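S.K.: So that you have it, the file is work-v8.tsv, and it contains TSV, C-alpha atoms and all ligand atoms:
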chain	number	residue	atom	x	y	z
A	199	MET	CA	94.72	97.99	67.34
A	200	ALA	CA	93.47	96.07	70.34
A	201	THR	CA	92.32	98.11	73.30
A	202	LEU	CA	92.92	97.49	76.96
A	203	SER	CA	89.26	96.42	77.30
A	204	GLU	CA	89.82	93.66	74.76
A	205	ALA	CA	92.65	92.24	76.83
A	206	TYR	CA	90.03	91.30	79.43
A	207	THR	CA	87.52	89.54	77.19
A	208	GLU	CA	89.24	86.19	77.62
A	209	THR	CA	88.59	86.10	81.34
A	210	PRO	CA	84.83	86.60	81.73
A	211	LEU	CA	83.58	86.82	85.28
A	212	HIS	CA	80.52	85.44	87.04
A	213	LEU	CA	77.93	87.94	88.18
A	214	GLN	CA	78.77	87.17	91.80
A	215	HIS	CA	82.17	88.60	90.96
A	216	ILE	CA	80.70	91.76	89.53
A	217	ILE	CA	77.77	92.93	91.68
A	218	PRO	CA	78.76	94.47	95.02
A	219	ILE	CA	76.49	93.94	98.03
A	220	ASP	CA	74.18	96.76	98.98
A	221	PHE	CA	76.32	98.25	101.74
A	222	ASP	CA	73.42	100.45	102.91
A	223	SER	CA	71.42	97.38	103.80
A	224	VAL	CA	73.88	95.66	106.15
A	225	GLU	CA	74.31	96.37	109.84
A	226	GLU	CA	77.16	93.99	110.44
A	227	VAL	CA	79.90	92.45	108.35
A	228	PRO	CA	78.38	89.37	106.68
A	229	GLN	CA	80.31	86.07	106.58
A	230	SER	CA	80.96	86.59	102.89
A	231	HIS	CA	82.94	89.75	103.74
A	232	SER	CA	84.60	88.64	106.96
A	233	TRP	CA	88.27	87.82	106.40
A	234	PRO	CA	89.80	85.01	108.48
A	235	GLN	CA	91.66	86.36	111.48
A	236	SER	CA	94.37	83.71	111.38
A	237	ASP	CA	95.29	84.65	107.85
A	238	ASP	CA	98.56	86.52	107.43
A	239	GLU	CA	96.71	89.12	105.47
A	240	SER	CA	94.09	89.57	108.17
A	241	PRO	CA	93.16	93.25	108.46
A	242	ARG	CA	92.93	93.11	112.25
A	243	ARG	CA	96.30	91.50	112.85
A	244	MET	CA	98.07	93.96	110.61
A	245	PHE	CA	96.07	97.03	111.54
A	246	ASN	CA	98.71	99.21	113.09
A	247	LEU	CA	98.45	102.92	112.73
A	248	ASP	CA	100.41	104.09	115.71
A	249	GLY	CA	104.02	103.96	116.66
A	250	ASP	CA	105.44	103.97	113.19
A	251	HIS	CA	106.23	107.41	111.88
A	252	PHE	CA	107.12	106.19	108.48
A	253	SER	CA	106.06	108.62	105.81
A	254	ILE	CA	105.87	108.60	102.05
A	255	PRO	CA	108.03	111.37	100.57
A	256	ALA	CA	106.23	114.41	99.19
A	257	ILE	CA	107.87	115.89	96.13
A	258	ASP	CA	107.27	119.42	94.88
A	259	LEU	CA	107.28	119.02	91.10
A	260	ASP	CA	108.47	122.63	90.73
A	261	SER	CA	111.57	121.94	92.78
A	262	PRO	CA	114.91	121.70	90.94
A	263	ASP	CA	115.53	118.40	92.76
A	264	ALA	CA	112.23	116.84	91.65
A	265	ILE	CA	113.81	114.37	89.20
A	266	GLU	CA	116.38	113.12	91.67
A	267	MET	CA	113.79	112.84	94.45
A	268	ALA	CA	111.18	111.07	92.32
A	269	GLY	CA	113.73	108.60	90.97
A	270	HIS	CA	115.10	107.94	94.42
A	271	ALA	CA	111.59	107.36	95.82
A	272	CYS	CA	110.81	104.92	92.99
A	273	LYS	CA	113.96	103.01	93.85
A	274	ILE	CA	113.59	102.92	97.61
A	275	MET	CA	109.84	102.55	97.92
A	276	GLY	CA	108.02	102.51	94.63
A	277	ILE	CA	105.68	105.21	95.94
A	278	PHE	CA	105.68	108.96	96.62
A	279	GLN	CA	103.33	111.93	96.73
A	280	VAL	CA	103.49	114.96	94.47
A	281	THR	CA	102.53	118.58	95.03
A	282	ASN	CA	102.48	121.42	92.48
A	283	HIS	CA	101.33	118.80	90.00
A	284	GLY	CA	99.24	121.26	87.99
A	285	ILE	CA	95.89	119.50	88.47
A	286	PRO	CA	93.47	122.27	89.53
A	287	SER	CA	92.02	121.73	92.98
A	288	SER	CA	88.62	122.63	91.51
A	289	LEU	CA	88.87	119.57	89.22
A	290	LEU	CA	89.82	117.35	92.16
A	291	ARG	CA	86.78	118.63	94.03
A	292	GLU	CA	84.57	118.13	91.00
A	293	ILE	CA	85.62	114.55	90.41
A	294	GLU	CA	85.05	113.77	94.06
A	295	SER	CA	81.61	115.28	93.92
A	296	GLN	CA	80.71	113.33	90.75
A	297	ALA	CA	82.04	110.12	92.34
A	298	TRP	CA	79.96	110.89	95.38
A	299	ARG	CA	76.92	111.55	93.22
A	300	PHE	CA	77.28	108.09	91.70
A	301	PHE	CA	78.15	106.00	94.76
A	302	THR	CA	75.41	107.49	96.94
A	303	LEU	CA	72.74	106.35	94.48
A	304	PRO	CA	70.61	103.41	95.59
A	305	ALA	CA	72.01	100.00	94.58
A	306	ARG	CA	69.28	99.52	91.95
A	307	ALA	CA	70.42	102.69	90.16
A	308	LYS	CA	74.12	101.84	90.31
A	309	VAL	CA	73.65	98.43	88.70
A	310	LYS	CA	72.35	100.19	85.59
A	311	ALA	CA	76.05	100.89	84.94
A	312	LEU	CA	77.10	97.31	85.74
A	313	ARG	CA	80.24	95.98	84.08
A	314	SER	CA	79.43	93.19	81.63
A	315	PRO	CA	80.92	89.72	82.37
A	316	SER	CA	83.62	90.09	79.74
A	317	GLY	CA	83.88	93.85	79.96
A	318	ALA	CA	86.38	96.08	81.67
A	319	THR	CA	84.39	99.26	82.24
A	320	GLY	CA	81.43	100.12	84.44
A	321	TYR	CA	80.29	99.52	87.99
A	322	GLY	CA	81.32	96.46	89.98
A	323	VAL	CA	83.52	94.81	92.58
A	324	ALA	CA	87.31	94.97	92.29
A	325	ARG	CA	88.82	93.17	89.32
A	326	ILE	CA	90.98	91.08	91.70
A	327	ALA	CA	87.92	89.71	93.56
A	328	PRO	CA	87.89	86.22	91.93
A	329	PHE	CA	91.30	85.47	93.48
A	330	PHE	CA	90.00	85.69	97.04
A	331	ASN	CA	87.36	83.62	98.76
A	332	LYS	CA	86.05	86.60	100.73
A	333	PHE	CA	84.57	89.76	99.28
A	334	MET	CA	85.98	93.23	99.78
A	335	TRP	CA	84.39	96.26	101.39
A	336	HIS	CA	84.55	98.12	98.12
A	337	GLU	CA	82.69	99.06	94.96
A	338	GLY	CA	84.26	100.64	91.90
A	339	PHE	CA	83.48	102.34	88.62
A	340	THR	CA	86.03	101.82	85.84
A	341	MET	CA	86.34	104.00	82.74
A	342	MET	CA	88.55	103.87	79.68
A	343	GLY	CA	87.89	107.11	77.86
A	344	SER	CA	84.36	108.48	77.85
A	345	PRO	CA	81.92	106.88	80.34
A	346	LEU	CA	79.01	108.01	78.15
A	347	GLU	CA	77.36	104.63	77.62
A	348	HIS	CA	77.21	103.76	81.30
A	349	ALA	CA	76.46	107.28	82.49
A	350	ARG	CA	73.50	107.59	80.12
A	351	GLU	CA	71.97	104.44	81.61
A	352	VAL	CA	72.23	105.90	85.09
A	353	TRP	CA	71.20	109.48	84.35
A	354	PRO	CA	69.29	109.61	81.03
A	355	HIS	CA	69.09	113.40	81.29
A	356	GLY	CA	71.91	114.26	83.64
A	357	TYR	CA	74.98	112.46	82.35
A	358	ARG	CA	76.77	115.40	80.69
A	359	LYS	CA	78.53	116.87	83.68
A	360	PHE	CA	79.70	113.45	84.85
A	361	CYS	CA	81.19	112.71	81.42
A	362	GLU	CA	82.81	116.14	81.11
A	363	VAL	CA	84.55	115.87	84.44
A	364	MET	CA	85.72	112.30	83.81
A	365	GLU	CA	87.10	113.17	80.38
A	366	ASP	CA	88.81	116.35	81.56
A	367	TYR	CA	90.37	114.47	84.47
A	368	GLN	CA	91.68	111.73	82.19
A	369	ASP	CA	93.24	114.27	79.79
A	370	LYS	CA	95.04	116.05	82.61
A	371	MET	CA	96.17	112.80	84.25
A	372	LYS	CA	97.56	111.58	80.96
A	373	ALA	CA	99.70	114.70	80.63
A	374	LEU	CA	100.86	114.36	84.25
A	375	SER	CA	101.71	110.68	83.74
A	376	GLU	CA	103.82	111.56	80.71
A	377	ARG	CA	105.59	114.25	82.67
A	378	LEU	CA	106.34	111.89	85.55
A	379	LEU	CA	107.50	109.14	83.25
A	380	ALA	CA	109.82	111.52	81.39
A	381	MET	CA	111.32	112.55	84.76
A	382	ILE	CA	111.83	108.93	85.75
A	383	LEU	CA	113.52	108.07	82.45
A	384	LYS	CA	115.80	111.05	82.90
A	385	TYR	CA	116.71	109.83	86.36
A	386	LEU	CA	117.58	106.44	84.86
A	387	GLY	CA	119.73	108.14	82.22
A	388	ILE	CA	117.60	106.61	79.50
A	389	SER	CA	117.04	108.50	76.29
A	390	GLU	CA	113.55	108.68	74.84
A	391	HIS	CA	114.91	106.76	71.87
A	392	ASP	CA	115.79	103.77	74.12
A	393	VAL	CA	112.14	103.26	75.03
A	394	ASP	CA	110.58	104.32	71.74
A	395	TRP	CA	108.92	107.16	73.61
A	396	PRO	CA	106.78	108.53	70.74
A	397	ARG	CA	105.23	105.10	70.20
A	398	LEU	CA	104.86	104.46	73.88
A	399	ARG	CA	102.87	107.68	74.20
A	400	SER	CA	100.93	107.40	70.98
A	401	ASN	CA	98.26	104.94	72.02
A	402	ALA	CA	98.81	104.70	75.75
A	403	CYS	CA	96.57	102.26	77.65
A	404	THR	CA	94.88	104.14	80.42
A	405	ALA	CA	92.07	103.56	82.87
A	406	LEU	CA	90.27	105.67	85.42
A	407	GLN	CA	88.87	104.00	88.50
A	408	LEU	CA	86.54	105.54	91.05
A	409	ASN	CA	86.76	103.59	94.31
A	410	SER	CA	84.24	103.67	97.13
A	411	TYR	CA	84.87	102.19	100.58
A	412	PRO	CA	81.60	102.57	102.49
A	413	ARG	CA	81.56	102.91	106.27
A	414	CYS	CA	82.11	99.51	107.81
A	415	PRO	CA	80.57	98.29	111.09
A	416	ASP	CA	83.73	96.31	111.93
A	417	PRO	CA	86.77	97.40	109.90
A	418	GLY	CA	88.97	94.93	111.77
A	419	GLN	CA	87.19	92.07	110.03
A	420	ALA	CA	86.83	93.58	106.60
A	421	MET	CA	89.21	94.29	103.73
A	422	GLY	CA	88.74	97.38	101.56
A	423	LEU	CA	91.03	96.21	98.78
A	424	ALA	CA	93.13	93.07	99.19
A	425	PRO	CA	96.93	93.26	98.76
A	426	HIS	CA	97.96	93.69	95.13
A	427	THR	CA	100.34	95.47	92.82
A	428	ASP	CA	99.11	97.65	89.97
A	429	THR	CA	99.58	96.22	86.48
A	430	LEU	CA	100.55	99.15	84.24
A	431	LEU	CA	103.51	101.58	84.45
A	432	LEU	CA	102.32	104.21	86.90
A	433	THR	CA	99.28	104.85	89.07
A	434	ILE	CA	98.23	108.32	90.22
A	435	LEU	CA	95.80	108.27	93.14
A	436	HIS	CA	93.71	111.10	94.50
A	437	GLN	CA	92.46	110.46	98.02
A	438	ASN	CA	90.38	112.89	100.00
A	439	HIS	CA	92.57	114.36	102.73
A	440	SER	CA	90.11	113.55	105.47
A	441	ALA	CA	90.04	109.79	104.93
A	442	HIS	CA	92.93	107.37	105.15
A	443	GLY	CA	92.93	103.64	104.51
A	444	LEU	CA	95.67	103.00	101.95
A	445	GLN	CA	98.61	100.97	103.26
A	446	VAL	CA	101.81	99.81	101.61
A	447	HIS	CA	103.78	96.74	102.52
A	448	ARG	CA	107.35	97.42	103.61
A	449	GLU	CA	109.94	94.73	104.05
A	450	GLY	CA	110.61	94.26	107.76
A	451	ARG	CA	107.94	96.76	108.82
A	452	GLY	CA	104.69	95.22	107.64
A	453	TRP	CA	101.78	97.42	106.61
A	454	VAL	CA	102.28	101.14	106.86
A	455	PRO	CA	99.62	103.79	106.19
A	456	VAL	CA	99.87	106.35	103.40
A	457	PHE	CA	98.24	109.34	105.06
A	458	PRO	CA	96.59	111.71	102.63
A	459	MET	CA	98.18	115.13	102.28
A	460	ASN	CA	95.93	118.00	101.32
A	461	GLY	CA	96.30	118.71	97.60
A	462	ALA	CA	98.93	116.00	97.01
A	463	LEU	CA	98.52	113.07	94.65
A	464	VAL	CA	99.98	109.63	95.37
A	465	VAL	CA	102.12	108.11	92.61
A	466	ASN	CA	103.14	104.48	92.60
A	467	VAL	CA	105.19	102.18	90.42
A	468	GLY	CA	103.27	99.38	88.69
A	469	ASP	CA	104.46	96.00	87.37
A	470	MET	CA	105.41	97.33	83.94
A	471	LEU	CA	107.76	99.98	85.30
A	472	HIS	CA	109.21	97.33	87.60
A	473	ILE	CA	109.90	95.20	84.53
A	474	MET	CA	111.26	98.07	82.42
A	475	SER	CA	113.54	99.21	85.26
A	476	ASN	CA	114.86	95.63	85.43
A	477	ALA	CA	113.55	95.37	89.00
A	478	MET	CA	115.36	98.50	90.15
A	479	PHE	CA	111.98	99.99	91.10
A	480	PRO	CA	109.70	97.81	93.23
A	481	SER	CA	106.08	97.40	92.17
A	482	VAL	CA	104.71	98.32	95.55
A	483	VAL	CA	102.28	95.92	97.26
A	484	HIS	CA	99.39	97.86	98.73
A	485	ARG	CA	95.92	97.36	100.17
A	486	VAL	CA	93.05	99.34	101.68
A	487	ILE	CA	91.43	99.06	105.10
A	488	PRO	CA	87.90	100.46	105.47
A	489	SER	CA	86.85	102.80	108.24
A	490	GLU	CA	84.02	102.76	110.73
A	491	ASN	CA	83.31	106.46	110.50
A	492	THR	CA	84.11	107.60	107.02
A	493	HIS	CA	82.85	106.61	103.62
A	494	ARG	CA	86.11	106.96	101.68
A	495	LEU	CA	86.29	107.77	97.98
A	496	THR	CA	89.43	107.64	95.88
A	497	VAL	CA	90.23	108.16	92.21
A	498	GLY	CA	92.92	106.02	90.61
A	499	TYR	CA	94.41	106.70	87.18
A	500	PHE	CA	96.45	103.92	85.56
A	501	TYR	CA	98.88	104.65	82.75
A	502	GLY	CA	100.60	102.11	80.51
A	503	PRO	CA	102.02	101.67	77.00
A	504	PRO	CA	99.88	100.64	73.98
A	505	THR	CA	98.59	97.04	74.01
A	506	ASP	CA	101.00	95.83	71.31
A	507	PHE	CA	104.06	97.46	72.91
A	508	HIS	CA	106.75	95.05	74.10
A	509	VAL	CA	107.54	95.59	77.75
A	510	GLY	CA	110.94	94.35	78.88
A	511	PRO	CA	113.99	95.61	80.77
A	512	ILE	CA	115.18	98.81	79.04
A	513	HIS	CA	118.20	98.11	76.90
A	514	GLY	CA	120.36	100.84	78.40
A	515	LEU	CA	119.91	99.30	81.85
A	516	THR	CA	121.06	95.81	80.88
A	517	GLN	CA	124.02	96.59	78.65
A	518	THR	CA	126.81	96.87	81.14
A	519	SER	CA	128.92	93.78	81.61
A	520	GLY	CA	128.23	92.75	85.24
A	521	GLN	CA	125.92	89.83	86.09
A	522	GLU	CA	123.90	92.26	88.17
A	523	ASP	CA	122.75	94.00	85.06
A	524	ALA	CA	121.60	91.03	83.01
A	525	ALA	CA	117.93	91.20	82.04
A	526	ARG	CA	115.69	89.75	84.74
A	527	PHE	CA	112.52	89.49	82.70
A	528	ARG	CA	111.68	88.34	79.24
A	529	SER	CA	109.88	90.87	77.16
A	530	ILE	CA	106.10	90.55	76.72
A	531	THR	CA	103.39	92.60	75.02
A	532	VAL	CA	101.17	94.74	77.19
A	533	LYS	CA	98.13	92.75	76.06
A	534	ASP	CA	99.70	89.40	77.00
A	535	TYR	CA	100.83	90.71	80.37
A	536	VAL	CA	97.41	92.17	81.19
A	537	GLN	CA	95.85	88.81	80.34
A	538	MET	CA	98.45	86.91	82.33
A	539	LYS	CA	97.77	89.12	85.33
A	540	ALA	CA	93.97	88.72	84.93
A	541	LYS	CA	94.46	84.94	85.11
A	542	ASN	CA	97.30	84.66	87.63
A	543	LEU	CA	97.36	87.87	89.69
A	544	ASP	CA	100.55	88.00	91.80
A	545	LYS	CA	102.09	84.99	90.01
A	546	ALA	CA	102.24	86.89	86.71
A	547	LEU	CA	105.56	88.63	87.41
A	548	SER	CA	107.33	85.40	88.28
A	549	MET	CA	106.03	83.82	85.07
A	550	ILE	CA	108.15	86.20	82.99
A	551	ARG	CA	111.14	86.34	85.34
A	552	ILE	CA	114.26	84.75	83.91
A	553	ARG	CA	116.61	85.19	86.81
B	601	LIG	C1	93.70	100.70	93.20
B	601	LIG	C2	94.14	101.05	94.57
B	601	LIG	C3	93.93	102.45	96.51
B	601	LIG	C4	92.93	103.29	97.22
B	601	LIG	O1	92.64	101.22	92.76
B	601	LIG	O2	94.41	99.91	92.54
B	601	LIG	O3	95.09	100.47	95.03
B	601	LIG	O4	93.29	103.85	98.26
B	601	LIG	N1	93.48	102.00	95.25
B	601	LIG	O5	91.79	103.39	96.75
B	602	NI	NI	96.22	99.50	93.45
Now, as a test, write the supplied structure out as structure tokens.
Ligand code: OGA
Ligand code: NI

M.R.:
Amino acid sequence: MATLSEAYTETPLHLQHIIPIDFDSVEEVPQSHSWPQSDDESPRRMFNLDGDHFSIPAIDLDSPDAIEMAGHACKIMGIFQVTNHGIPSSLLREIESQAWRFFTLPARAKVKALRSPSGATGYGVARIAPFFNKFMWHEGFTMMGSPLEHAREVWPHGYRKFCEVMEDYQDKMKALSERLLAMILKYLGISEHDVDWPRLRSNACTALQLNSYPRCPDPGQAMGLAPHTDTLLLTILHQNHSAHGLQVHREGRGWVPVFPMNGALVVNVGDMLHIMSNAMFPSVVHRVIPSENTHRLTVGYFYGPPTDFHVGPIHGLTQTSGQEDAARFRSITVKDYVQMKAKNLDKALSMIRIR
């Protein structure tokens, strides 16, 4: 069966859209990374951390109300944080330290793990970069399963620990994603049969992404990660509690920060859960603003169904008679949707919308 990596081979990138600049070598934000201030998406215009005491709900997964709270948060915001998630804090510290070990290498060492033009894994700029005419203040390392091939290039004799931590983290995140998804289905009153749960889980498409947002001489001009929605079902993000930068877009409020909470993981709805929920859950638009003082590292885990799985509004949610409940999207395979998104970014959802 096709893998998630293969879904990307049809949209090869130019090297300029793979190799990040050497952030250590710049003392000011170069033109190539300076976002226009008149633009609606301008970091400076929207940079507003004070005044708004909006907060993302934190849900204790051991609480008897966890299902109700998680479902409600998906519906209202498409994002929440979880505590008591069962991921050992030692593993969170270890993955941060391995991410740190990689991103603090000199640029010439990091490019040994460079993503290939038609590849999906390895070191490089954000996948969404070709859609913007300015570059982002960001570098990433993407993995799908074992990072052995890339890690061995970087550390011919010291790759083992890196691989162990990355694999262990992916195993635990997979289990947590399944747990969260089962809770969400329960909230929706959907039986596992309605979504072909065993098949959905059997060959899940997953990716692990280490993100680095180096210190930026003028964060007001730069963009860490441009506004986007995540493609798969769910994203689980670990952000170090001492560094914020993630913001979500809220109707009528603009950009609001998601402050890190010690030990909590951020969970957000992606496009595929938006589609399966028949638009009941928003696929939250989010972005990242860099900081002047902190080099911020985050770890994103993306979870989706197998590549040949058909994603469409869940039957049980579209069966009732009212117009409101009619299916809003046509169904599409995961592979086709990933490709559509790689070619059209934020237009992809509207291309499968039927009403
Ligand atoms: C992502 C993402 C947010 C962050 O990797 O898709 O949105 O804070 N990351 O790094
Ligand atoms: Ni994202």

S.K.: Looking at only C-alpha atoms, which of A:His391, A:Thr209, A:Leu386, A:His442 is the one that sits closest to Pro458 of chain A?

M.R.: A:His442

S.K.: Excluding Met341 of chain A and residues on its chain fewer than 4 positions from it, collect all residues at most 7 Å away from it, counting only C-alpha atoms, and give them as number ranges by chain.

M.R.: A: 319-320, 345, 405-407

S.K.: Could you please extract the residues within 9 Å of ligand NI 602 (chain B), counting all atoms listed in the file, and hand them back as an MDAnalysis selection string?

M.R.: chainID A and resid 423 425:429 433 435 466 468 482:486 498

S.K.: Using C-alpha atoms, can you write the selected residues to a file as a CSV table (one decimal), keeping the file's coordinate frame?

M.R.:
chain,number,residue,atom,x,y,z
A,423,LEU,CA,91.0,96.2,98.8
A,425,PRO,CA,96.9,93.3,98.8
A,426,HIS,CA,98.0,93.7,95.1
A,427,THR,CA,100.3,95.5,92.8
A,428,ASP,CA,99.1,97.6,90.0
A,429,THR,CA,99.6,96.2,86.5
A,433,THR,CA,99.3,104.8,89.1
A,435,LEU,CA,95.8,108.3,93.1
A,466,ASN,CA,103.1,104.5,92.6
A,468,GLY,CA,103.3,99.4,88.7
A,482,VAL,CA,104.7,98.3,95.6
A,483,VAL,CA,102.3,95.9,97.3
A,484,HIS,CA,99.4,97.9,98.7
A,485,ARG,CA,95.9,97.4,100.2
A,486,VAL,CA,93.0,99.3,101.7
A,498,GLY,CA,92.9,106.0,90.6

S.K.: Can you pull out the residues contacting Cys403 of chain A? Cut-off 6 Å, using all atoms listed in the file, and skip same-chain residues under 4 positions away; I want them as a PyMOL selection string.

M.R.: chain A and resi 502-504

S.K.: Which is closer to ligand LIG 601 (chain B) than all the others in A:Glu225, A:Asp369, A:Asp258, A:Glu337, using all atoms listed in the file?

M.R.: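 Residue with the minimum atom-to-atom distance to ligand LIG 601 (chain B): A:Glu337.
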
S.K.: For the atom pair atom CA of Leu495 of chain A and atom CA of Ala540 of chain A, what is the interatomic distance in Å to one decimal place?

M.R.: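 Answer for the atom CA of Leu495 of chain A to atom CA of Ala540 of chain A separation: 24.3 Å.
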
S.K.: Write out as a list of chain:residue names each polymer residue whose atoms come within 10 Å of Glu292 of chain A, counting all atoms listed in the file; drop sequence neighbours fewer than 3 positions from it.

M.R.: A:Pro286, A:Ser287, A:Ser288, A:Leu289, A:Ser295, A:Gln296, A:Ala297, A:Trp298, A:Lys359, A:Phe360, A:Val363, A:Met364, A:Tyr367

S.K.: How far is it from atom CA of Thr492 of chain A to atom CA of Ala441 of chain A, in Å with one decimal?

M.R.: 6.7 Å

S.K.: Once 5 Å is added on each side, what are the centre and the three edge lengths, in Å to one decimal, of the axis-aligned box enclosing the listed atoms of ligand LIG 601 (chain B)? Present them as AutoDock Vina command-line options.

M.R.:
--center_x 93.4 --center_y 101.9 --center_z 95.4 --size_x 13.3 --size_y 13.9 --size_z 15.7

S.K.: Measure the distance from atom CA of Leu312 of chain A to atom CA of Lys370 of chain A in Å and round it to one decimal.

M.R.: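 Straight-line distance from atom CA of Leu312 of chain A to atom CA of Lys370 of chain A works out to 26.1 Å.
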
S.K.: Closest to ligand LIG 601 (chain B) among A:Glu449, A:Asp469, A:Asp263, A:Glu347, using all atoms listed in the file?

M.R.: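 Once distances to ligand LIG 601 (chain B) are computed over all atoms listed in the file, the minimum belongs to A:Asp469.
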
S.K.: Using all atoms listed in the file, find the one residue out of A:Ile473, A:Ile257, A:Leu463, A:Ala525 that sits nearest to ligand LIG 601 (chain B).

M.R.: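 Counting all atoms listed in the file, the residue closest to ligand LIG 601 (chain B) is A:Leu463.
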
S.K.: Within 12 Å of Asp222 of chain A, counting all atoms listed in the file, which residues qualify if same-chain residues fewer than 3 places away don't, as a compact mmCIF listing (two decimals) with C-alpha atoms, in the coordinates of the input?

M.R.:
# COMPACT_ATOMS: atom_id res chain seq x y z
CA PRO A 218 78.76 94.47 95.02
CA ILE A 219 76.49 93.94 98.03
CA GLU A 225 74.31 96.37 109.84
CA GLU A 226 77.16 93.99 110.44
CA VAL A 227 79.90 92.45 108.35
CA PHE A 301 78.15 106.00 94.76
CA THR A 302 75.41 107.49 96.94
CA LEU A 303 72.74 106.35 94.48
CA PRO A 304 70.61 103.41 95.59
CA ALA A 305 72.01 100.00 94.58
CA ARG A 306 69.28 99.52 91.95
CA TRP A 335 84.39 96.26 101.39
CA TYR A 411 84.87 102.19 100.58
CA PRO A 412 81.60 102.57 102.49
CA ARG A 413 81.56 102.91 106.27
CA CYS A 414 82.11 99.51 107.81
CA PRO A 415 80.57 98.29 111.09
CA HIS A 493 82.85 106.61 103.62

S.K.: Restricting the calculation to only C-alpha atoms and all ligand atoms, which member of A:Val446, A:Ala420, A:Leu202, A:Cys272 is positioned closest to ligand LIG 601 (chain B)?

M.R.: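 So, comparing all the options, the nearest one is A:Val446.
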
S.K.: Name the closest residue to Lys533 of chain A among the candidates A:Val454, A:Leu432, A:Val509, A:Ala318; distances are taken between atoms, counting only C-alpha atoms.

M.R.: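 Looking only at the distances to Lys533 of chain A, the closest residue turns out to be A:Val509.
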
S.K.: Do a neighbour search on Ser475 of chain A at 8 Å with only C-alpha atoms, toss out local chain neighbours closer than 6 positions, and write the hits as a PDB file with C-alpha atoms, in the frame of the given file.

M.R.:
ATOM      1  CA  PRO A 511     113.990  95.610  80.770  1.00  0.00           C
ATOM      2  CA  ILE A 512     115.180  98.810  79.040  1.00  0.00           C
ATOM      3  CA  LEU A 515     119.910  99.300  81.850  1.00  0.00           C
TER       4      LEU A 515
END

S.K.: List the residues sitting within 12 Å of (108.1, 114.6, 84.9) in the file's frame, using only C-alpha atoms, as a ChimeraX atom specification.

M.R.: /A:257-269,280,282-284,372-385,465
